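Structure first, then comments.
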Amino acid sequence: MTDHSNVLIQSYFRWTGDDQLCKWIESQDVIKMRYDSIFDRKCSRDLQTDAIDLRSLETLYFYNKPINRNQYWPNNGDSYPRHFYTTPPPFLLYVHIHRDAVVESNGYVFSGDTSLAMYVCRDSSSPPTSGLPQDASAAPYFDEVFSVAQMWSTATFHRMVELVPRLGLFVRFLRANPSVRIHSGEIAGGRLG
């Protein structure tokens, strides 16, 4: 837990919450998002100490997945497996390389009879389909695409907290390979990058 060479930022400050947020986190089954389970029903209101106390990244954040009844529901939704809090994972991310693939606007990748979707906050009523999308033949063609797109990727929170950090890990690669296109959700009047 002291080797942070593969982490973009080496030191962190512990987050704190106001009374309302902490009540959601400390009380079981209060809201749908299960923040109580995600944060092991622990919340700090201590701005004087925790907000200025420099620390390393907690093990949980290397595993973090939303607890959602239709996607990931460990321990009946009550908590992550114990090792999420105590043992680092063997690796932190996947890089997939596909040949002759189709990428949908939400980042779902289709190649042959394989479909791939990143694990993200996703509307469980619209999981990735199997097989090519109907409008695949009308899609633009690019030799190399680096996709960070996902559900709600045009929303400010998802864009800044999920998409941009994914790119951060590969800035050197993307600068060295300017022919690789970056695929993300389009925002009116601008693009990512």
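Just so we're on the same page: first chain in the structure tokens is A, next is B, and so on; residues restart at 1 for each chain, and ligands are numbered from 1 in the order they show up.
These are the residues of stretch 51-191 of chain A assigned alpha helix (DSSP H) by DSSP from backbone coordinates: Leu60, Tyr61, Phe62, Tyr63, His83, Phe84, Tyr85, Thr86, Thr156, Phe157, His158, Val164, Pro165, Arg166, Leu167, Gly168, Val171, Arg172, Phe173, Leu174, Arg175 and Ala176 of chain A.
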Got time to write the residues from that selection, N, CA, C and O atoms, as a PDB file, in the first residue's frame?
ATOM      1  N   LEU A  60     -10.112   0.399  -1.416  1.00  0.00           N
ATOM      2  CA  LEU A  60     -11.446   0.313  -1.996  1.00  0.00           C
ATOM      3  C   LEU A  60     -11.527   0.998  -3.353  1.00  0.00           C
ATOM      4  O   LEU A  60     -12.171   0.512  -4.268  1.00  0.00           O
ATOM      5  N   TYR A  61     -10.846   2.136  -3.510  1.00  0.00           N
ATOM      6  CA  TYR A  61     -10.980   2.911  -4.735  1.00  0.00           C
ATOM      7  C   TYR A  61     -10.328   2.246  -5.939  1.00  0.00           C
ATOM      8  O   TYR A  61     -10.594   2.613  -7.071  1.00  0.00           O
ATOM      9  N   PHE A  62      -9.472   1.267  -5.718  1.00  0.00           N
ATOM     10  CA  PHE A  62      -8.904   0.526  -6.834  1.00  0.00           C
ATOM     11  C   PHE A  62      -9.904  -0.481  -7.400  1.00  0.00           C
ATOM     12  O   PHE A  62      -9.759  -0.945  -8.513  1.00  0.00           O
ATOM     13  N   TYR A  63     -10.905  -0.863  -6.629  1.00  0.00           N
ATOM     14  CA  TYR A  63     -11.920  -1.826  -7.054  1.00  0.00           C
ATOM     15  C   TYR A  63     -13.238  -1.168  -7.423  1.00  0.00           C
ATOM     16  O   TYR A  63     -14.067  -1.771  -8.083  1.00  0.00           O
ATOM     17  N   HIS A  83     -12.238  -8.193   0.877  1.00  0.00           N
ATOM     18  CA  HIS A  83     -10.907  -7.935   0.312  1.00  0.00           C
ATOM     19  C   HIS A  83     -10.845  -6.608  -0.451  1.00  0.00           C
ATOM     20  O   HIS A  83      -9.772  -6.064  -0.661  1.00  0.00           O
ATOM     21  N   PHE A  84     -12.000  -6.028  -0.841  1.00  0.00           N
ATOM     22  CA  PHE A  84     -12.010  -4.712  -1.485  1.00  0.00           C
ATOM     23  C   PHE A  84     -11.433  -3.652  -0.551  1.00  0.00           C
ATOM     24  O   PHE A  84     -10.893  -2.650  -0.991  1.00  0.00           O
ATOM     25  N   TYR A  85     -11.562  -3.864   0.760  1.00  0.00           N
ATOM     26  CA  TYR A  85     -11.123  -2.884   1.745  1.00  0.00           C
ATOM     27  C   TYR A  85      -9.705  -3.147   2.247  1.00  0.00           C
ATOM     28  O   TYR A  85      -9.114  -2.289   2.890  1.00  0.00           O
ATOM     29  N   THR A  86      -9.155  -4.337   1.979  1.00  0.00           N
ATOM     30  CA  THR A  86      -7.887  -4.707   2.613  1.00  0.00           C
ATOM     31  C   THR A  86      -6.772  -5.109   1.656  1.00  0.00           C
ATOM     32  O   THR A  86      -5.604  -4.973   2.003  1.00  0.00           O
ATOM     33  N   THR A 156     -21.490  16.710 -17.227  1.00  0.00           N
ATOM     34  CA  THR A 156     -20.270  17.273 -16.643  1.00  0.00           C
ATOM     35  C   THR A 156     -19.610  16.326 -15.643  1.00  0.00           C
ATOM     36  O   THR A 156     -18.409  16.078 -15.713  1.00  0.00           O
ATOM     37  N   PHE A 157     -20.368  15.759 -14.704  1.00  0.00           N
ATOM     38  CA  PHE A 157     -19.771  14.891 -13.692  1.00  0.00           C
ATOM     39  C   PHE A 157     -19.093  13.687 -14.341  1.00  0.00           C
ATOM     40  O   PHE A 157     -17.922  13.400 -14.089  1.00  0.00           O
ATOM     41  N   HIS A 158     -19.821  12.951 -15.172  1.00  0.00           N
ATOM     42  CA  HIS A 158     -19.269  11.731 -15.771  1.00  0.00           C
ATOM     43  C   HIS A 158     -18.067  12.057 -16.657  1.00  0.00           C
ATOM     44  O   HIS A 158     -17.084  11.323 -16.681  1.00  0.00           O
ATOM     45  N   VAL A 164     -12.198  11.941 -18.533  1.00  0.00           N
ATOM     46  CA  VAL A 164     -10.914  12.641 -18.568  1.00  0.00           C
ATOM     47  C   VAL A 164      -9.832  11.870 -17.798  1.00  0.00           C
ATOM     48  O   VAL A 164      -8.713  11.726 -18.297  1.00  0.00           O
ATOM     49  N   PRO A 165     -10.125  11.317 -16.603  1.00  0.00           N
ATOM     50  CA  PRO A 165      -9.076  10.529 -15.930  1.00  0.00           C
ATOM     51  C   PRO A 165      -8.634   9.297 -16.725  1.00  0.00           C
ATOM     52  O   PRO A 165      -7.464   8.917 -16.667  1.00  0.00           O
ATOM     53  N   ARG A 166      -9.534   8.686 -17.484  1.00  0.00           N
ATOM     54  CA  ARG A 166      -9.118   7.545 -18.320  1.00  0.00           C
ATOM     55  C   ARG A 166      -8.088   7.996 -19.351  1.00  0.00           C
ATOM     56  O   ARG A 166      -7.128   7.290 -19.629  1.00  0.00           O
ATOM     57  N   LEU A 167      -8.310   9.157 -19.930  1.00  0.00           N
ATOM     58  CA  LEU A 167      -7.353   9.681 -20.902  1.00  0.00           C
ATOM     59  C   LEU A 167      -6.020   9.996 -20.241  1.00  0.00           C
ATOM     60  O   LEU A 167      -4.962   9.841 -20.854  1.00  0.00           O
ATOM     61  N   GLY A 168      -6.055  10.456 -18.992  1.00  0.00           N
ATOM     62  CA  GLY A 168      -4.842  10.846 -18.289  1.00  0.00           C
ATOM     63  C   GLY A 168      -3.794   9.746 -18.239  1.00  0.00           C
ATOM     64  O   GLY A 168      -2.591  10.016 -18.281  1.00  0.00           O
ATOM     65  N   VAL A 171      -1.892   9.764 -21.948  1.00  0.00           N
ATOM     66  CA  VAL A 171      -1.513  11.004 -22.631  1.00  0.00           C
ATOM     67  C   VAL A 171      -0.241  10.813 -23.450  1.00  0.00           C
ATOM     68  O   VAL A 171      -0.168  11.204 -24.614  1.00  0.00           O
ATOM     69  N   ARG A 172       0.767  10.201 -22.870  1.00  0.00           N
ATOM     70  CA  ARG A 172       2.036   9.995 -23.588  1.00  0.00           C
ATOM     71  C   ARG A 172       1.814   9.155 -24.842  1.00  0.00           C
ATOM     72  O   ARG A 172       2.308   9.489 -25.917  1.00  0.00           O
ATOM     73  N   PHE A 173       1.053   8.077 -24.733  1.00  0.00           N
ATOM     74  CA  PHE A 173       0.760   7.229 -25.889  1.00  0.00           C
ATOM     75  C   PHE A 173      -0.005   8.008 -26.959  1.00  0.00           C
ATOM     76  O   PHE A 173       0.326   7.951 -28.145  1.00  0.00           O
ATOM     77  N   LEU A 174      -1.038   8.759 -26.555  1.00  0.00           N
ATOM     78  CA  LEU A 174      -1.861   9.487 -27.524  1.00  0.00           C
ATOM     79  C   LEU A 174      -1.072  10.604 -28.202  1.00  0.00           C
ATOM     80  O   LEU A 174      -1.252  10.857 -29.397  1.00  0.00           O
ATOM     81  N   ARG A 175      -0.194  11.269 -27.474  1.00  0.00           N
ATOM     82  CA  ARG A 175       0.649  12.305 -28.098  1.00  0.00           C
ATOM     83  C   ARG A 175       1.637  11.691 -29.085  1.00  0.00           C
ATOM     84  O   ARG A 175       1.952  12.282 -30.111  1.00  0.00           O
ATOM     85  N   ALA A 176       2.155  10.529 -28.760  1.00  0.00           N
ATOM     86  CA  ALA A 176       3.109   9.855 -29.651  1.00  0.00           C
ATOM     87  C   ALA A 176       2.427   9.251 -30.878  1.00  0.00           C
ATOM     88  O   ALA A 176       3.095   8.917 -31.855  1.00  0.00           O
TER      89      ALA A 176
END
_Give me the residues near A:Tyr35 as a PyMOL selection string, where near means some atom within 9 Å (using only C-alpha atoms) and where sequence neighbours in that chain fewer than 5 positions away do not count._
chain A and resi 24-30+40-41+66-67
*May I ask for the distance between atom CA of A:Leu47 and atom CA of A:Pro81, given in Å to one decimal place?*
29.1 Å
